[in-house]
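Q: Following this line is coords-v9.pdb, made up of PDB, C-alpha atoms and all ligand atoms:
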```pdb
ATOM      1  CA  MET A 227      33.446 -29.719   3.754
ATOM      2  CA  GLU A 228      33.564 -27.965   0.412
ATOM      3  CA  ALA A 229      32.388 -24.375   0.352
ATOM      4  CA  ILE A 230      28.636 -24.058  -0.202
ATOM      5  CA  ASN A 231      27.239 -20.998  -1.962
ATOM      6  CA  LEU A 232      23.854 -19.645  -0.917
ATOM      7  CA  VAL A 233      21.898 -16.482  -1.567
ATOM      8  CA  CYS A 234      20.432 -14.975   1.595
ATOM      9  CA  ILE A 235      16.669 -14.469   1.144
ATOM     10  CA  VAL A 236      16.036 -12.651   4.429
ATOM     11  CA  CYS A 237      16.011  -9.178   2.842
ATOM     12  CA  PRO A 238      15.988  -7.791  -0.720
ATOM     13  CA  LEU A 239      19.784  -7.231  -0.781
ATOM     14  CA  GLY A 240      20.242 -10.948  -1.504
ATOM     15  CA  CYS A 241      23.835 -11.255  -0.233
ATOM     16  CA  ARG A 242      25.836 -14.108  -1.767
ATOM     17  CA  LEU A 243      27.015 -16.279   1.113
ATOM     18  CA  THR A 244      29.900 -18.745   1.168
ATOM     19  CA  VAL A 245      29.671 -21.344   3.923
ATOM     20  CA  THR A 246      32.474 -23.615   5.086
ATOM     21  CA  LYS A 247      32.702 -25.824   8.158
ATOM     22  CA  GLU A 248      35.766 -25.764  10.376
ATOM     23  CA  ASN A 249      36.077 -27.823  13.564
ATOM     24  CA  GLY A 250      32.325 -28.452  13.592
ATOM     25  CA  GLU A 251      31.502 -24.729  13.289
ATOM     26  CA  TYR A 252      29.952 -23.081  10.260
ATOM     27  CA  LYS A 253      31.917 -20.124   8.918
ATOM     28  CA  ILE A 254      29.841 -17.730   6.842
ATOM     29  CA  GLU A 255      31.273 -15.058   4.553
ATOM     30  CA  GLY A 256      29.596 -12.515   2.299
ATOM     31  CA  ASN A 257      26.756 -11.526   4.642
ATOM     32  CA  LYS A 258      26.276  -7.834   5.273
ATOM     33  CA  CYS A 259      24.464  -8.422   8.590
ATOM     34  CA  PRO A 260      24.126 -11.112  11.297
ATOM     35  CA  ARG A 261      20.809 -12.352   9.927
ATOM     36  CA  GLY A 262      22.757 -13.903   7.048
ATOM     37  CA  ASP A 263      24.675 -16.086   9.544
ATOM     38  CA  LYS A 264      21.459 -17.369  11.066
ATOM     39  CA  TYR A 265      19.870 -17.936   7.662
ATOM     40  CA  ALA A 266      22.847 -19.954   6.368
ATOM     41  CA  VAL A 267      23.031 -22.231   9.411
ATOM     42  CA  LYS A 268      19.281 -22.834   9.392
ATOM     43  CA  GLU A 269      19.291 -23.472   5.644
ATOM     44  CA  LEU A 270      21.959 -26.159   6.069
ATOM     45  CA  THR A 271      20.494 -27.780   9.185
ATOM     46  CA  ASN A 272      16.702 -27.285   9.090
ATOM     47  CA  PRO A 273      15.543 -25.398   5.992
ATOM     48  CA  THR A 274      12.002 -24.041   6.234
ATOM     49  CA  ARG A 275       9.787 -21.745   4.201
ATOM     50  CA  THR A 276       6.583 -19.764   4.456
ATOM     51  CA  ILE A 277       4.215 -20.810   1.666
ATOM     52  CA  THR A 278       1.929 -18.388  -0.155
ATOM     53  CA  SER A 279      -0.659 -19.573  -2.647
ATOM     54  CA  THR A 280      -4.343 -19.281  -3.516
ATOM     55  CA  VAL A 281      -7.404 -21.524  -3.134
ATOM     56  CA  LYS A 282     -10.695 -21.672  -5.021
ATOM     57  CA  ILE A 283     -13.455 -19.585  -3.483
ATOM     58  CA  LYS A 284     -17.162 -19.790  -4.278
ATOM     59  CA  GLY A 285     -19.387 -16.731  -4.087
ATOM     60  CA  GLY A 286     -16.501 -14.258  -3.686
ATOM     61  CA  ILE A 287     -15.695 -11.135  -5.682
ATOM     62  CA  LEU A 288     -12.696 -13.053  -7.112
ATOM     63  CA  ASN A 289     -12.317 -16.729  -8.068
ATOM     64  CA  ARG A 290      -9.199 -17.289  -5.950
ATOM     65  CA  LEU A 291      -8.457 -16.413  -2.329
ATOM     66  CA  PRO A 292      -4.813 -15.696  -1.313
ATOM     67  CA  VAL A 293      -3.610 -17.963   1.519
ATOM     68  CA  LYS A 294      -0.388 -18.576   3.415
ATOM     69  CA  THR A 295       1.075 -20.768   6.096
ATOM     70  CA  SER A 296       0.762 -19.347   9.614
ATOM     71  CA  ASP A 297       4.465 -20.161  10.141
ATOM     72  CA  GLU A 298       7.324 -21.756   8.233
ATOM     73  CA  ILE A 299       7.157 -25.445   7.283
ATOM     74  CA  PRO A 300      10.036 -27.817   6.445
ATOM     75  CA  LYS A 301      11.266 -27.184   2.896
ATOM     76  CA  GLY A 302      10.877 -30.899   2.039
ATOM     77  CA  MET A 303       7.106 -30.692   2.657
ATOM     78  CA  ILE A 304       6.389 -27.813   0.243
ATOM     79  CA  LYS A 305       5.104 -30.066  -2.574
ATOM     80  CA  GLU A 306       2.721 -32.006  -0.297
ATOM     81  CA  CYS A 307       1.582 -28.766   1.292
ATOM     82  CA  MET A 308       0.811 -27.249  -2.127
ATOM     83  CA  GLU A 309      -1.202 -30.376  -2.994
ATOM     84  CA  ALA A 310      -3.206 -30.014   0.223
ATOM     85  CA  ILE A 311      -3.841 -26.332  -0.579
ATOM     86  CA  ASN A 312      -4.911 -27.190  -4.135
ATOM     87  CA  ASN A 313      -7.620 -29.511  -2.770
ATOM     88  CA  VAL A 314      -9.291 -26.759  -0.734
ATOM     89  CA  GLU A 315     -12.374 -24.879  -1.881
ATOM     90  CA  VAL A 316     -13.963 -22.318   0.434
ATOM     91  CA  THR A 317     -17.143 -20.275   0.325
ATOM     92  CA  ALA A 318     -17.267 -16.508   0.840
ATOM     93  CA  PRO A 319     -17.360 -14.587   3.103
ATOM     94  CA  VAL A 320     -13.893 -15.243   4.539
ATOM     95  CA  LYS A 321     -12.006 -13.035   6.981
ATOM     96  CA  VAL A 322      -8.255 -12.465   6.936
ATOM     97  CA  GLY A 323      -6.647 -14.955   9.340
ATOM     98  CA  ASP A 324      -9.455 -17.539   9.062
ATOM     99  CA  VAL A 325      -7.970 -21.042   9.362
ATOM    100  CA  LEU A 326      -8.675 -23.002   6.166
ATOM    101  CA  ILE A 327      -6.553 -26.097   6.970
ATOM    102  CA  LYS A 328      -5.743 -26.764  10.623
ATOM    103  CA  ASN A 329      -2.358 -28.379  11.363
ATOM    104  CA  VAL A 330      -1.490 -29.049   7.730
ATOM    105  CA  LEU A 331       0.408 -32.374   7.328
ATOM    106  CA  ASP A 332       0.814 -32.556  11.129
ATOM    107  CA  THR A 333       3.309 -29.684  11.048
ATOM    108  CA  GLY A 334       1.508 -27.700  13.754
ATOM    109  CA  VAL A 335       1.117 -24.941  11.140
ATOM    110  CA  ASP A 336      -2.227 -23.783   9.719
ATOM    111  CA  ILE A 337      -3.164 -22.554   6.255
ATOM    112  CA  VAL A 338      -4.873 -19.193   6.751
ATOM    113  CA  ALA A 339      -6.571 -16.608   4.549
ATOM    114  CA  SER A 340      -4.247 -13.694   3.663
ATOM    115  CA  ARG A 341      -7.165 -11.349   2.974
ATOM    116  CA  SER A 342     -10.853 -10.994   3.642
ATOM    117  CA  MET A 343     -13.326 -11.579   0.854
ATOM    118  CA  GLU A 344     -17.029 -10.727   0.755
TER     119      GLU A 344
HETATM  120  S1  LIG B 401      22.905 -10.998   5.031
HETATM  121 FE1  LIG B 401      21.681  -9.371   5.933
HETATM  122  S2  LIG B 401      21.854  -7.703   4.451
HETATM  123 FE2  LIG B 401      22.485  -9.556   3.377
HETATM  124  S3  LIG B 401      20.587 -10.338   2.372
HETATM  125 FE3  LIG B 401      20.790 -11.355   4.382
HETATM  126  S4  LIG B 401      19.540 -10.106   5.756
HETATM  127 FE4  LIG B 401      19.973  -8.861   3.952
END
```
So, in terms of C-alpha cells, how does the structure I just supplied come out?
A:
Amino acid sequence: MEAINLVCIVCPLGCRLTVTKENGEYKIEGNKCPRGDKYAVKELTNPTRTITSTVKIKGGILNRLPVKTSDEIPKGMIKECMEAINNVEVTAPVKVGDVLIKNVLDTGVDIVASRSME
C-alpha cells in the first residue's frame, strides 16, 4: 500500500499523519498522541462524522434552530442526512436534546436540537 496522508481532526493541533500498511497492520506516523492512531485506522476502515446543521423553526426568536446528530454517522451518508435535515421544519418552543428526526436513514442515530428556543 502506498502511504496515505491524513490530517487528524480529533483535536485542534491537526497533526499530519502518514499511514502505511505492513503485514496487514496499519503503521501511523506523525501523530503526537495515541488518539491519532485510532483516528487514522477508523478513517481508513469505517469513517464516520458528527453532523451539525440548522433547521427551519416557526415561532422562535430566530429563523433557524441549530441541530446535530446524536452520534457519528457513516461519512458516505452525510449528503442524504443533510437532505433529510433540510426537509425538517419545527415549531417553537424546542428544548435542547429534543429529537427532531428519530433514527435518521436507519442509522440508529437521531437528529436532536443543539439548543433550546422559546
Ligand atoms: S494526533 Fe493527537 S495531538 Fe495530534 S491532532 Fe490528533 S488528537 Fe491531536
Q: Would you mind reading off the distance between atom FE3 of ligand LIG 401 (chain B) and atom CA of A:Pro300, one decimal, in Å?
A: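 The value is 19.8 Å.
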Q: Could you give me, as a list in words, every polymer residue with an atom at most 7 Å away from an atom of ligand LIG 401 (chain B), counting only C-alpha atoms and all ligand atoms?
A: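 Final answer, ordered by chain and number: Cys234, Ile235, Val236, Cys237, Pro238, Leu239, Gly240, Cys241, Asn257, Lys258, Cys259, Pro260, Arg261 and Gly262 of chain A.
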Q: Kindly indicate which residue among A:Glu315, A:Glu228, A:Glu248, A:Glu306 lies nearest to A:Val330, using all atoms listed in the file for the distances.
A: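 Using all atoms listed in the file, the shortest distance to A:Val330 belongs to A:Glu306.
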Q: Show me, as a list in words, the residues that have an atom within 8 Å of A:Thr246 when counting all atoms listed in the file, minus same-chain residues fewer than 2 positions from it.
A: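 What passes the distance filter is Met227, Glu228, Ala229, Ile230, Thr244, Glu248, Tyr252, Lys253 and Ile254 of chain A.
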Q: Check the smallest atom-to-atom distance from each of A:Ala266, A:Ile299, A:Val293, A:Ile283 to A:Gly334 using all atoms listed in the file, then report the winner.
A: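 Distance minimum relative to A:Gly334 lands on A:Ile299.
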